[in-house]
Structures are given as structure tokens and as C-alpha cells.
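As stored in input.pdb (PDB, C-alpha atoms):
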```pdb
ATOM      1  CA  MET A   1      93.547 163.015 176.874
ATOM      2  CA  SER A   2      95.032 166.507 176.951
ATOM      3  CA  LEU A   3      98.527 165.013 176.680
ATOM      4  CA  SER A   4      97.613 163.220 173.473
ATOM      5  CA  LEU A   5      96.250 166.523 172.140
ATOM      6  CA  VAL A   6      99.617 168.196 172.889
ATOM      7  CA  VAL A   7     101.437 165.346 171.109
ATOM      8  CA  PHE A   8      99.008 165.679 168.202
ATOM      9  CA  TYR A   9      99.760 169.392 167.797
ATOM     10  CA  LEU A  10     103.518 168.740 168.084
ATOM     11  CA  LEU A  11     103.378 166.064 165.378
ATOM     12  CA  GLY A  12     101.137 168.260 163.260
ATOM     13  CA  ALA A  13     103.713 171.051 163.545
ATOM     14  CA  VAL A  14     106.453 168.626 162.447
ATOM     15  CA  CYS A  15     104.355 167.538 159.429
ATOM     16  CA  LEU A  16     103.442 171.060 158.384
ATOM     17  CA  GLY A  17     106.932 172.431 159.043
ATOM     18  CA  GLY A  18     108.472 169.701 156.902
ATOM     19  CA  ALA A  19     105.903 170.224 154.152
ATOM     20  CA  VAL A  20     106.463 173.989 154.078
ATOM     21  CA  GLY A  21     110.217 173.340 154.004
ATOM     22  CA  VAL A  22     109.815 171.057 150.968
ATOM     23  CA  VAL A  23     108.115 173.862 149.038
ATOM     24  CA  VAL A  24     110.255 176.756 150.279
ATOM     25  CA  SER A  25     113.703 175.128 150.038
ATOM     26  CA  ARG A  26     115.672 176.095 146.923
ATOM     27  CA  ASN A  27     117.877 172.993 147.126
ATOM     28  CA  VAL A  28     116.132 169.886 145.733
ATOM     29  CA  VAL A  29     118.067 167.517 148.002
ATOM     30  CA  HIS A  30     117.048 169.553 151.070
ATOM     31  CA  SER A  31     113.448 169.330 149.850
ATOM     32  CA  ALA A  32     113.712 165.526 149.661
ATOM     33  CA  LEU A  33     115.129 165.312 153.191
ATOM     34  CA  LEU A  34     112.436 167.657 154.548
ATOM     35  CA  LEU A  35     109.845 165.421 152.877
ATOM     36  CA  LEU A  36     111.238 162.626 155.061
ATOM     37  CA  VAL A  37     110.648 164.794 158.178
ATOM     38  CA  SER A  38     107.037 165.378 157.127
ATOM     39  CA  LEU A  39     106.453 161.667 156.446
ATOM     40  CA  MET A  40     107.875 160.700 159.829
ATOM     41  CA  GLY A  41     105.473 163.160 161.439
ATOM     42  CA  VAL A  42     102.611 161.345 159.704
ATOM     43  CA  ALA A  43     103.975 158.056 161.085
ATOM     44  CA  GLY A  44     103.796 159.603 164.562
ATOM     45  CA  LEU A  45     100.175 160.602 163.929
ATOM     46  CA  TYR A  46      99.375 157.009 162.960
ATOM     47  CA  LEU A  47     100.921 155.807 166.216
ATOM     48  CA  LEU A  48      98.769 158.314 168.103
ATOM     49  CA  LEU A  49      95.699 156.843 166.369
ATOM     50  CA  LEU A  50      96.754 153.351 167.539
ATOM     51  CA  ALA A  51      97.532 152.234 163.996
ATOM     52  CA  GLU A  52     100.828 150.502 164.739
ATOM     53  CA  PHE A  53     101.122 148.580 161.499
ATOM     54  CA  LEU A  54     100.299 151.616 159.385
ATOM     55  CA  ALA A  55     103.033 153.552 161.203
ATOM     56  CA  LEU A  56     105.497 150.748 160.459
ATOM     57  CA  VAL A  57     104.476 150.803 156.787
ATOM     58  CA  GLN A  58     104.850 154.589 156.774
ATOM     59  CA  VAL A  59     108.394 154.398 158.176
ATOM     60  CA  LEU A  60     109.581 151.463 156.039
ATOM     61  CA  ILE A  61     107.867 152.222 152.719
ATOM     62  CA  TYR A  62     107.555 156.015 152.689
ATOM     63  CA  GLY A  63     110.498 156.865 154.936
ATOM     64  CA  GLY A  64     112.746 154.173 153.497
ATOM     65  CA  ALA A  65     111.772 153.304 149.958
ATOM     66  CA  ILE A  66     109.965 156.359 148.579
ATOM     67  CA  THR A  67     112.511 158.847 149.927
ATOM     68  CA  ILE A  68     115.315 156.698 148.478
ATOM     69  CA  ILE A  69     113.538 156.675 145.103
ATOM     70  CA  VAL A  70     113.105 160.463 145.197
ATOM     71  CA  LEU A  71     116.800 160.942 146.044
ATOM     72  CA  PHE A  72     117.794 158.545 143.242
ATOM     73  CA  VAL A  73     115.658 160.485 140.771
ATOM     74  CA  ILE A  74     117.367 163.715 141.869
ATOM     75  CA  MET A  75     120.765 162.033 141.444
ATOM     76  CA  LEU A  76     119.874 160.759 137.962
ATOM     77  CA  THR A  77     118.605 164.090 136.617
ATOM     78  CA  ARG A  78     120.781 167.027 135.702
ATOM     79  CA  VAL A  79     120.489 168.871 138.986
ATOM     80  CA  GLN A  80     122.486 171.876 137.783
ATOM     81  CA  GLU A  81     119.575 172.903 135.571
ATOM     82  CA  PHE A  82     117.159 172.772 138.497
ATOM     83  CA  ARG A  83     119.516 174.785 140.657
ATOM     84  CA  ALA A  84     119.553 177.567 138.114
ATOM     85  CA  MET A  85     115.763 177.570 137.957
ATOM     86  CA  LYS A  86     114.769 180.049 140.646
ATOM     87  CA  ASP A  87     111.167 180.534 139.641
ATOM     88  CA  ASN A  88     108.465 178.520 137.970
ATOM     89  CA  PRO A  89     106.209 180.306 135.465
ATOM     90  CA  GLN A  90     103.354 177.908 136.280
ATOM     91  CA  TRP A  91     102.943 179.135 139.862
ATOM     92  CA  PRO A  92      99.489 180.805 139.416
ATOM     93  CA  LEU A  93      98.129 177.455 138.203
ATOM     94  CA  ALA A  94      99.696 175.749 141.211
ATOM     95  CA  VAL A  95      98.061 178.265 143.572
ATOM     96  CA  VAL A  96      94.628 177.594 142.035
ATOM     97  CA  ALA A  97      95.117 173.809 142.252
ATOM     98  CA  ALA A  98      96.315 173.991 145.860
ATOM     99  CA  LEU A  99      93.420 176.262 146.898
ATOM    100  CA  ALA A 100      90.875 173.976 145.212
ATOM    101  CA  MET A 101      92.339 170.984 147.017
ATOM    102  CA  PHE A 102      92.288 172.867 150.328
ATOM    103  CA  VAL A 103      88.632 173.874 149.899
ATOM    104  CA  LEU A 104      87.688 170.308 148.961
ATOM    105  CA  LEU A 105      89.464 168.793 151.968
ATOM    106  CA  ALA A 106      88.157 171.447 154.370
ATOM    107  CA  ALA A 107      84.577 170.947 153.125
ATOM    108  CA  ALA A 108      84.899 167.170 153.478
ATOM    109  CA  MET A 109      86.285 167.576 156.984
ATOM    110  CA  ILE A 110      83.538 169.962 158.113
ATOM    111  CA  LYS A 111      80.706 167.967 156.511
ATOM    112  CA  GLY A 112      81.784 164.462 157.348
ATOM    113  CA  ALA A 113      83.578 164.951 160.642
ATOM    114  CA  PRO A 114      82.590 162.348 163.229
ATOM    115  CA  SER A 115      81.272 164.126 166.313
ATOM    116  CA  GLU A 116      82.532 161.715 168.939
ATOM    117  CA  THR A 117      84.604 158.622 168.335
ATOM    118  CA  THR A 118      86.464 156.217 170.532
ATOM    119  CA  ARG A 119      89.834 155.138 169.266
ATOM    120  CA  GLN A 120      90.048 151.477 168.443
ATOM    121  CA  SER A 121      93.293 149.675 168.039
ATOM    122  CA  VAL A 122      94.007 146.791 165.711
ATOM    123  CA  SER A 123      96.810 144.893 167.332
ATOM    124  CA  PHE A 124      99.613 143.242 165.411
ATOM    125  CA  GLU A 125      98.319 139.846 166.532
ATOM    126  CA  GLU A 126      94.803 140.383 165.137
ATOM    127  CA  LEU A 127      96.212 141.750 161.904
ATOM    128  CA  GLY A 128      98.557 138.801 161.481
ATOM    129  CA  SER A 129      95.907 136.157 162.121
ATOM    130  CA  SER A 130      93.326 137.752 159.810
ATOM    131  CA  LEU A 131      95.900 138.377 157.054
ATOM    132  CA  PHE A 132      97.067 134.774 157.031
ATOM    133  CA  THR A 133      93.687 133.047 157.423
ATOM    134  CA  GLN A 134      90.868 135.202 156.063
ATOM    135  CA  TRP A 135      92.878 137.169 153.500
ATOM    136  CA  ALA A 136      95.280 134.447 152.421
ATOM    137  CA  VAL A 137      94.514 134.690 148.683
ATOM    138  CA  PRO A 138      94.906 138.511 148.394
ATOM    139  CA  PHE A 139      98.147 138.118 150.320
ATOM    140  CA  GLU A 140      99.502 135.686 147.740
ATOM    141  CA  VAL A 141      98.229 137.925 144.933
ATOM    142  CA  ALA A 142     100.262 140.766 146.482
ATOM    143  CA  SER A 143     103.437 138.771 145.900
ATOM    144  CA  LEU A 144     102.430 138.285 142.254
ATOM    145  CA  VAL A 145     101.934 142.062 141.929
ATOM    146  CA  LEU A 146     105.415 142.585 143.367
ATOM    147  CA  LEU A 147     106.813 140.007 140.926
ATOM    148  CA  VAL A 148     105.219 141.842 137.982
ATOM    149  CA  ALA A 149     106.629 145.160 139.244
ATOM    150  CA  LEU A 150     110.092 143.640 139.587
ATOM    151  CA  ILE A 151     110.143 142.059 136.116
ATOM    152  CA  GLY A 152     108.593 145.169 134.545
ATOM    153  CA  ALA A 153     111.276 147.372 136.087
ATOM    154  CA  ILE A 154     114.035 145.082 134.775
ATOM    155  CA  VAL A 155     112.545 145.014 131.259
ATOM    156  CA  ILE A 156     112.183 148.816 131.142
ATOM    157  CA  ALA A 157     115.699 149.363 132.491
ATOM    158  CA  ARG A 158     117.167 146.945 129.938
ATOM    159  CA  GLU A 159     115.398 148.654 127.044
ATOM    160  CA  GLY A 160     116.751 151.992 128.253
ATOM    161  CA  GLY A 161     120.251 150.561 128.395
ATOM    162  CA  GLU A 162     120.202 149.121 124.867
ATOM    163  CA  GLU A 163     119.275 152.389 123.185
TER     164      GLU A 163
ATOM    165  CA  MET B 164      96.876 147.526 177.559
ATOM    166  CA  LEU B 165      96.507 151.036 176.188
ATOM    167  CA  GLU B 166      98.739 152.499 178.902
ATOM    168  CA  ASP B 167     101.398 149.942 178.050
ATOM    169  CA  TYR B 168     101.163 150.940 174.371
ATOM    170  CA  PHE B 169     101.698 154.611 175.122
ATOM    171  CA  ARG B 170     104.456 153.877 177.611
ATOM    172  CA  GLN B 171     106.433 151.934 174.994
ATOM    173  CA  TYR B 172     106.000 154.533 172.275
ATOM    174  CA  GLY B 173     106.667 157.266 174.843
ATOM    175  CA  LEU B 174     110.113 155.725 175.326
ATOM    176  CA  ILE B 175     110.706 155.845 171.574
ATOM    177  CA  ALA B 176     109.512 159.475 171.573
ATOM    178  CA  ILE B 177     112.033 160.303 174.333
ATOM    179  CA  PHE B 178     114.835 158.653 172.340
ATOM    180  CA  THR B 179     113.798 160.579 169.223
ATOM    181  CA  ALA B 180     113.720 163.852 171.166
ATOM    182  CA  ILE B 181     117.251 163.225 172.531
ATOM    183  CA  ALA B 182     118.491 162.263 169.057
ATOM    184  CA  VAL B 183     117.179 165.562 167.649
ATOM    185  CA  ILE B 184     118.007 167.865 170.579
ATOM    186  CA  LEU B 185     121.589 166.698 171.251
ATOM    187  CA  PRO B 186     123.166 167.387 167.822
ATOM    188  CA  GLY B 187     120.917 170.412 167.323
ATOM    189  CA  SER B 188     121.982 172.021 170.590
ATOM    190  CA  LEU B 189     125.648 171.275 169.813
ATOM    191  CA  LEU B 190     125.292 173.176 166.532
ATOM    192  CA  VAL B 191     123.641 176.097 168.355
ATOM    193  CA  VAL B 192     126.375 176.124 171.036
ATOM    194  CA  SER B 193     129.046 176.118 168.322
ATOM    195  CA  TRP B 194     127.269 179.006 166.585
ATOM    196  CA  LEU B 195     127.038 180.983 169.844
ATOM    197  CA  LEU B 196     130.729 180.389 170.633
ATOM    198  CA  SER B 197     131.671 181.959 167.306
ATOM    199  CA  PHE B 198     130.473 185.319 168.729
ATOM    200  CA  LEU B 199     132.854 184.978 171.723
ATOM    201  CA  ARG B 200     135.718 184.194 169.314
ATOM    202  CA  ILE B 201     136.267 180.856 171.062
ATOM    203  CA  ARG B 202     135.476 179.225 167.704
ATOM    204  CA  PRO B 203     136.991 181.587 165.156
ATOM    205  CA  SER B 204     135.891 181.238 161.530
ATOM    206  CA  LYS B 205     138.976 180.920 159.311
ATOM    207  CA  PRO B 206     137.989 178.976 156.209
ATOM    208  CA  ASN B 207     140.524 177.888 153.625
ATOM    209  CA  ASP B 208     140.471 175.645 150.560
ATOM    210  CA  VAL B 209     141.297 172.447 152.445
ATOM    211  CA  LYS B 210     138.604 173.051 155.067
ATOM    212  CA  ARG B 211     136.005 173.843 152.421
ATOM    213  CA  SER B 212     136.615 170.700 150.356
ATOM    214  CA  PRO B 213     133.985 167.948 150.699
ATOM    215  CA  TYR B 214     136.587 165.349 151.716
ATOM    216  CA  GLU B 215     139.521 166.624 153.724
ATOM    217  CA  CYS B 216     141.571 163.557 152.895
ATOM    218  CA  GLY B 217     141.427 160.905 150.190
ATOM    219  CA  MET B 218     140.704 161.327 146.514
ATOM    220  CA  GLU B 219     140.700 164.672 144.769
ATOM    221  CA  LEU B 220     137.223 165.444 143.456
ATOM    222  CA  ILE B 221     136.698 165.061 139.728
ATOM    223  CA  GLY B 222     134.187 167.340 138.064
ATOM    224  CA  ASP B 223     131.224 169.076 139.610
ATOM    225  CA  ARG B 224     129.621 168.570 143.000
ATOM    226  CA  TRP B 225     126.394 167.464 141.267
ATOM    227  CA  PRO B 226     127.277 164.952 138.581
ATOM    228  CA  GLN B 227     124.562 163.126 136.668
ATOM    229  CA  PHE B 228     124.689 159.572 137.957
ATOM    230  CA  ASN B 229     124.472 156.486 135.808
ATOM    231  CA  PHE B 230     120.929 155.323 135.032
ATOM    232  CA  ARG B 231     121.814 151.801 136.215
ATOM    233  CA  TYR B 232     121.611 152.920 139.842
ATOM    234  CA  TYR B 233     117.844 153.194 139.402
ATOM    235  CA  MET B 234     117.665 149.424 138.898
ATOM    236  CA  PHE B 235     119.019 148.851 142.385
ATOM    237  CA  ALA B 236     116.573 151.373 143.856
ATOM    238  CA  ILE B 237     113.605 149.561 142.259
ATOM    239  CA  LEU B 238     114.853 146.184 143.491
ATOM    240  CA  PHE B 239     115.238 147.656 146.972
ATOM    241  CA  VAL B 240     111.656 148.979 146.982
ATOM    242  CA  VAL B 241     110.189 145.617 145.907
ATOM    243  CA  PHE B 242     112.000 143.679 148.606
ATOM    244  CA  ASP B 243     111.207 146.419 151.148
ATOM    245  CA  VAL B 244     107.490 145.850 150.508
ATOM    246  CA  GLU B 245     108.078 142.126 150.957
ATOM    247  CA  THR B 246     109.602 142.825 154.384
ATOM    248  CA  ILE B 247     106.423 144.621 155.485
ATOM    249  CA  PHE B 248     104.402 141.426 155.011
ATOM    250  CA  ILE B 249     106.890 139.362 157.006
ATOM    251  CA  TYR B 250     106.401 141.487 160.174
ATOM    252  CA  PRO B 251     102.819 140.454 161.117
ATOM    253  CA  TRP B 252     103.671 136.882 160.151
ATOM    254  CA  ALA B 253     106.701 136.824 162.457
ATOM    255  CA  VAL B 254     104.723 138.278 165.395
ATOM    256  CA  GLN B 255     102.021 135.598 165.100
ATOM    257  CA  PHE B 256     104.259 132.769 163.929
ATOM    258  CA  LYS B 257     103.612 130.370 166.834
ATOM    259  CA  GLN B 258      99.826 130.838 166.869
ATOM    260  CA  LEU B 259      99.333 130.641 163.103
ATOM    261  CA  GLY B 260     100.670 127.148 162.617
ATOM    262  CA  PHE B 261     101.805 125.298 159.528
ATOM    263  CA  PHE B 262      99.295 126.780 157.049
ATOM    264  CA  ALA B 263     100.650 130.306 157.460
ATOM    265  CA  PHE B 264     104.196 128.940 157.223
ATOM    266  CA  ALA B 265     103.345 127.345 153.881
ATOM    267  CA  GLU B 266     101.665 130.583 152.778
ATOM    268  CA  MET B 267     104.773 132.595 153.556
ATOM    269  CA  LEU B 268     106.895 129.982 151.804
ATOM    270  CA  VAL B 269     104.794 130.390 148.629
ATOM    271  CA  PHE B 270     104.919 134.198 148.987
ATOM    272  CA  ILE B 271     108.710 134.222 149.228
ATOM    273  CA  LEU B 272     109.057 131.593 146.480
ATOM    274  CA  ILE B 273     107.101 133.759 144.023
ATOM    275  CA  LEU B 274     109.459 136.633 144.789
ATOM    276  CA  VAL B 275     112.465 134.327 144.491
ATOM    277  CA  ILE B 276     111.325 133.767 140.876
ATOM    278  CA  GLY B 277     111.639 137.523 140.366
ATOM    279  CA  TRP B 278     115.038 137.499 142.028
ATOM    280  CA  ALA B 279     116.171 134.609 139.814
ATOM    281  CA  TYR B 280     114.868 136.533 136.779
ATOM    282  CA  ALA B 281     116.860 139.582 137.837
ATOM    283  CA  TRP B 282     119.953 137.459 138.361
ATOM    284  CA  ASN B 283     119.476 135.586 135.066
ATOM    285  CA  HIS B 284     119.108 138.828 133.115
ATOM    286  CA  LYS B 285     122.242 140.199 134.763
ATOM    287  CA  ALA B 286     120.300 143.056 136.393
ATOM    288  CA  LEU B 287     122.392 142.617 139.525
ATOM    289  CA  GLU B 288     125.658 142.970 137.621
ATOM    290  CA  TRP B 289     127.425 146.124 136.569
ATOM    291  CA  ARG B 290     127.778 146.223 132.818
TER     292      ARG B 290
END
```
Please express the file's structure as C-alpha cells.
Amino acid sequence: MSLSLVVFYLLGAVCLGGAVGVVVSRNVVHSALLLLVSLMGVAGLYLLLLAEFLALVQVLIYGGAITIIVLFVIMLTRVQEFRAMKDNPQWPLAVVAALAMFVLLAAAMIKGAPSETTRQSVSFEELGSSLFTQWAVPFEVASLVLLVALIGAIVIAREGGEE
Amino acid sequence: MLEDYFRQYGLIAIFTAIAVILPGSLLVVSWLLSFLRIRPSKPNDVKRSPYECGMELIGDRWPQFNFRYYMFAILFVVFDVETIFIYPWAVQFKQLGFFAFAEMLVFILILVIGWAYAWNHKALEWR
């Protein structure tokens, strides 16, 4: 058990280090890459909590897709303007928002923390069989949601191109 | 069961550690050697250029890219999410039987409609 605690603190350090790097870095592209480090740390935490599938989702969706999207957005904007911007006048507001969020999360963690829990794993096999038998309809609906997202993205991109 | 789980992911953790430590330590060694003048620092224009050979760079290092690239990113994300659903299906393929196979067929077919739509509206072409 002590080994898993050491791994937990290591992964927590990776997450926090990456997150601090995202905020501190002056280069937007470096921020995006450090975000990837932080997200991979979260994937490691999921693995430690025996949530294999969630870790896979974290790596493929957040590590793969979301980071790619963020990098694309940086590529598509005029980065020179951001590079010149050394300071943000809205920082006091950001400090208040961040502190409020911290207090809220800390209060929730202190109030609702489970005293003693045993870790339970949901294996890939169980997940697969329940997804394809019990949750068959929501699974098919998910593909419809993806279809709508795909067509919506094409329509919006076409309208942007015609202007 | 649980020991096996941690043994497998322990191996991945060891691989990750080597993948981070090896290039990182090489950079540190290179930095330390610069103090002993084994790796002298003599930059010039050719060394500083992003590509040492090939095309000459046109314009700035940070150009604004064409908006059309975003289309490909969105398409990638949609099909990436589709891949996620295929994983648990593939692991349990033999136990699940024909019903799950038909389910996955319908799932992929619905997304093929989207793909056909994208193709039909020339979203996959460069205009």
C-alpha cells in the first residue's frame, strides 16, 4: 500500500507541475504541451484507481484529440499578438475565481471524504458486456450524437468558408 | 488478479521512466560538457535556422494557418471518440456473440453516413 502512495504522490507532482507550467509559461505552444503532461498524469492516477478504461479514454481523447484541437486553435489564431501580450489586466478577477474554486473543492473534499474505502476495479470484460447488452440503446445514441457533431462541424466550417 | 494488473502497468511505468530519463539525461550531459569546452557553443545563421537543409523559410516563424485545417481536426476528434467504443467491443468480441456484432455494425454505419456526408460536401478536399 505504501508503494501505491509513493506512486500517487509522484503522479500528483506530475499533474501539478504540468498545470503550473501551463499557467507560468509565456509561450502558448509550451503551455499546450505542458497541458498534455498534466493530462497524462491524470491518466496515471486513473490507472492507480483501477479505472483502466477511463485511463484509456484520458490518453486517447484528452491526450490525443483535445491537445490536438488546442494546438490547432493556437495555429489558427494570430499567435504574434499573444506573444506580445505579457500581462493580462484581468488577473485580479482570475485570482478571485481560482480561490473560490479552491475553497469550494477543499470544502467538498473535507466534508464528503470517504473515511475508508476499498478500491474496486471494473474490468474491460465487464464493461464490454454491460455496454453491449444492458446499455445497447445509449450506445447507439452515442453514434447519433457523434454524427450530429460531425455534420454540424462541416456546416459551420462551410459557412465560414463562403463568407 | 490485482498483482497481475499492477505488474503489467508497472512495466509500462518503467518504459515511460526510461523514455523520459534517457533523452533528459542526454540533454543534461550535453549541457554539462559545454562547461568543459568539449561541446563549444558557436552558433551561426545556418545552425540557428529551423531547417538546416531544404526549403528557405518564407515569412514569420508563426504564420496564421488556413482555417480549413480545423475541419480535419474536428473529423479526427469524432473518429477518435468512435475508436474508444471499439476497444471494449474488441476485448469481449468472442463472448458477446452476434447481437453485439450487429450493434457495432449499426454504430459504424451511422458514422459512415457522416463520413459520406463529409465526402459528398467535399469537406475532405482542399479547395
For chain A, report every residue with an atom at most 6 Å from chain B (counting only C-alpha atoms), formatted as a CSV table (one decimal) with C-alpha atoms, keeping the file's coordinate frame.
```csv
chain,number,residue,atom,x,y,z
A,65,ALA,CA,111.8,153.3,150.0
A,75,MET,CA,120.8,162.0,141.4
A,76,LEU,CA,119.9,160.8,138.0
A,78,ARG,CA,120.8,167.0,135.7
A,125,GLU,CA,98.3,139.8,166.5
A,128,GLY,CA,98.6,138.8,161.5
A,132,PHE,CA,97.1,134.8,157.0
A,140,GLU,CA,99.5,135.7,147.7
A,143,SER,CA,103.4,138.8,145.9
A,147,LEU,CA,106.8,140.0,140.9
```
Legend entry - the PyMOL selection byres ((chain A and resi 8) around 12) resolved against shown file, as a PyMOL selection string: chain A and resi 1-7+9-15+41-49
Legend entry - A:Ala55, A:Ile74, A:Ala108, A:Ile154 ranked by distance to Asn27 of chain A, top pick (using all atoms listed in the file):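 Once distances to Asn27 of chain A are computed over all atoms listed in the file, the minimum belongs to A:Ile74.
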Mind giving me the axis-aligned box for segment 185-192 of chain B with 4 Å on every side, centre plus edges in Å to one decimal, as lines of an AutoDock Vina configuration file?
```
center_x = 123.6
center_y = 171.4
center_z = 168.9
size_x = 13.5
size_y = 17.4
size_z = 12.7
```
Inset, instruction - Tell me, in Å to one decimal, how far atom CA of Leu150 of chain A is from atom CA of Val29 of chain A. - result: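 Calculated distance between atom CA of Leu150 of chain A and atom CA of Val29 of chain A is 26.5 Å.
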Inset, instruction - Figure out the distance between atom CA of Val95 of chain A and atom CA of Ala113 of chain A, please, to one decimal in Å. - result: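 Here the two named atoms are 26.0 Å from each other.
Here atom CA of Thr133 of chain A and atom CA of Ala279 of chain B stand 28.6 Å from one another.
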Inset, instruction - Determine the nearest neighbour of Thr77 of chain A from the options A:Val28, A:Met101, A:Ala149, A:Leu35, counting all atoms listed in the file. - result: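 Among A:Val28, A:Met101, A:Ala149, A:Leu35, it is A:Val28 that comes nearest to Thr77 of chain A.
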Could you add the missing atoms to segment 115-133 of chain A, up to N, CA and C atoms, and return them as a PDB file, keeping the file's coordinate frame?
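Written output follows (out-v9.pdb):
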```pdb
ATOM      1  N   SER A 115      81.391 163.257 165.140  1.00  0.00           N
ATOM      2  CA  SER A 115      81.272 164.126 166.313  1.00  0.00           C
ATOM      3  C   SER A 115      82.069 163.561 167.496  1.00  0.00           C
ATOM      4  N   GLU A 116      81.840 162.302 167.788  1.00  0.00           N
ATOM      5  CA  GLU A 116      82.532 161.715 168.939  1.00  0.00           C
ATOM      6  C   GLU A 116      82.913 160.280 168.599  1.00  0.00           C
ATOM      7  N   THR A 117      84.193 159.986 168.647  1.00  0.00           N
ATOM      8  CA  THR A 117      84.604 158.622 168.335  1.00  0.00           C
ATOM      9  C   THR A 117      85.553 158.121 169.408  1.00  0.00           C
ATOM     10  N   THR A 118      85.481 156.832 169.647  1.00  0.00           N
ATOM     11  CA  THR A 118      86.464 156.217 170.532  1.00  0.00           C
ATOM     12  C   THR A 118      87.512 155.545 169.659  1.00  0.00           C
ATOM     13  N   ARG A 119      88.761 155.708 170.061  1.00  0.00           N
ATOM     14  CA  ARG A 119      89.834 155.138 169.266  1.00  0.00           C
ATOM     15  C   ARG A 119      89.867 153.627 169.470  1.00  0.00           C
ATOM     16  N   GLN A 120      89.956 152.924 168.363  1.00  0.00           N
ATOM     17  CA  GLN A 120      90.048 151.477 168.443  1.00  0.00           C
ATOM     18  C   GLN A 120      91.367 151.035 167.854  1.00  0.00           C
ATOM     19  N   SER A 121      91.997 150.134 168.546  1.00  0.00           N
ATOM     20  CA  SER A 121      93.293 149.675 168.039  1.00  0.00           C
ATOM     21  C   SER A 121      93.140 148.307 167.398  1.00  0.00           C
ATOM     22  N   VAL A 122      93.890 148.118 166.304  1.00  0.00           N
ATOM     23  CA  VAL A 122      94.007 146.791 165.711  1.00  0.00           C
ATOM     24  C   VAL A 122      95.410 146.323 166.035  1.00  0.00           C
ATOM     25  N   SER A 123      95.490 145.323 166.890  1.00  0.00           N
ATOM     26  CA  SER A 123      96.810 144.893 167.332  1.00  0.00           C
ATOM     27  C   SER A 123      97.493 144.091 166.226  1.00  0.00           C
ATOM     28  N   PHE A 124      98.803 143.997 166.353  1.00  0.00           N
ATOM     29  CA  PHE A 124      99.613 143.242 165.411  1.00  0.00           C
ATOM     30  C   PHE A 124      99.134 141.799 165.318  1.00  0.00           C
ATOM     31  N   GLU A 125      98.721 141.245 166.484  1.00  0.00           N
ATOM     32  CA  GLU A 125      98.319 139.846 166.532  1.00  0.00           C
ATOM     33  C   GLU A 125      97.057 139.616 165.696  1.00  0.00           C
ATOM     34  N   GLU A 126      96.053 140.511 165.896  1.00  0.00           N
ATOM     35  CA  GLU A 126      94.803 140.383 165.137  1.00  0.00           C
ATOM     36  C   GLU A 126      95.078 140.509 163.642  1.00  0.00           C
ATOM     37  N   LEU A 127      95.901 141.503 163.304  1.00  0.00           N
ATOM     38  CA  LEU A 127      96.212 141.750 161.904  1.00  0.00           C
ATOM     39  C   LEU A 127      96.871 140.534 161.273  1.00  0.00           C
ATOM     40  N   GLY A 128      97.844 139.965 161.996  1.00  0.00           N
ATOM     41  CA  GLY A 128      98.557 138.801 161.481  1.00  0.00           C
ATOM     42  C   GLY A 128      97.621 137.640 161.264  1.00  0.00           C
ATOM     43  N   SER A 129      96.765 137.347 162.262  1.00  0.00           N
ATOM     44  CA  SER A 129      95.907 136.157 162.121  1.00  0.00           C
ATOM     45  C   SER A 129      94.861 136.353 161.028  1.00  0.00           C
ATOM     46  N   SER A 130      94.334 137.577 160.864  1.00  0.00           N
ATOM     47  CA  SER A 130      93.326 137.752 159.810  1.00  0.00           C
ATOM     48  C   SER A 130      93.985 137.781 158.431  1.00  0.00           C
ATOM     49  N   LEU A 131      95.207 138.318 158.355  1.00  0.00           N
ATOM     50  CA  LEU A 131      95.900 138.377 157.054  1.00  0.00           C
ATOM     51  C   LEU A 131      96.234 136.978 156.555  1.00  0.00           C
ATOM     52  N   PHE A 132      96.591 136.084 157.473  1.00  0.00           N
ATOM     53  CA  PHE A 132      97.067 134.774 157.031  1.00  0.00           C
ATOM     54  C   PHE A 132      95.988 133.701 157.046  1.00  0.00           C
ATOM     55  N   THR A 133      94.767 134.030 157.515  1.00  0.00           N
ATOM     56  CA  THR A 133      93.687 133.047 157.423  1.00  0.00           C
ATOM     57  C   THR A 133      92.587 133.548 156.484  1.00  0.00           C
TER      58      THR A 133
END
```
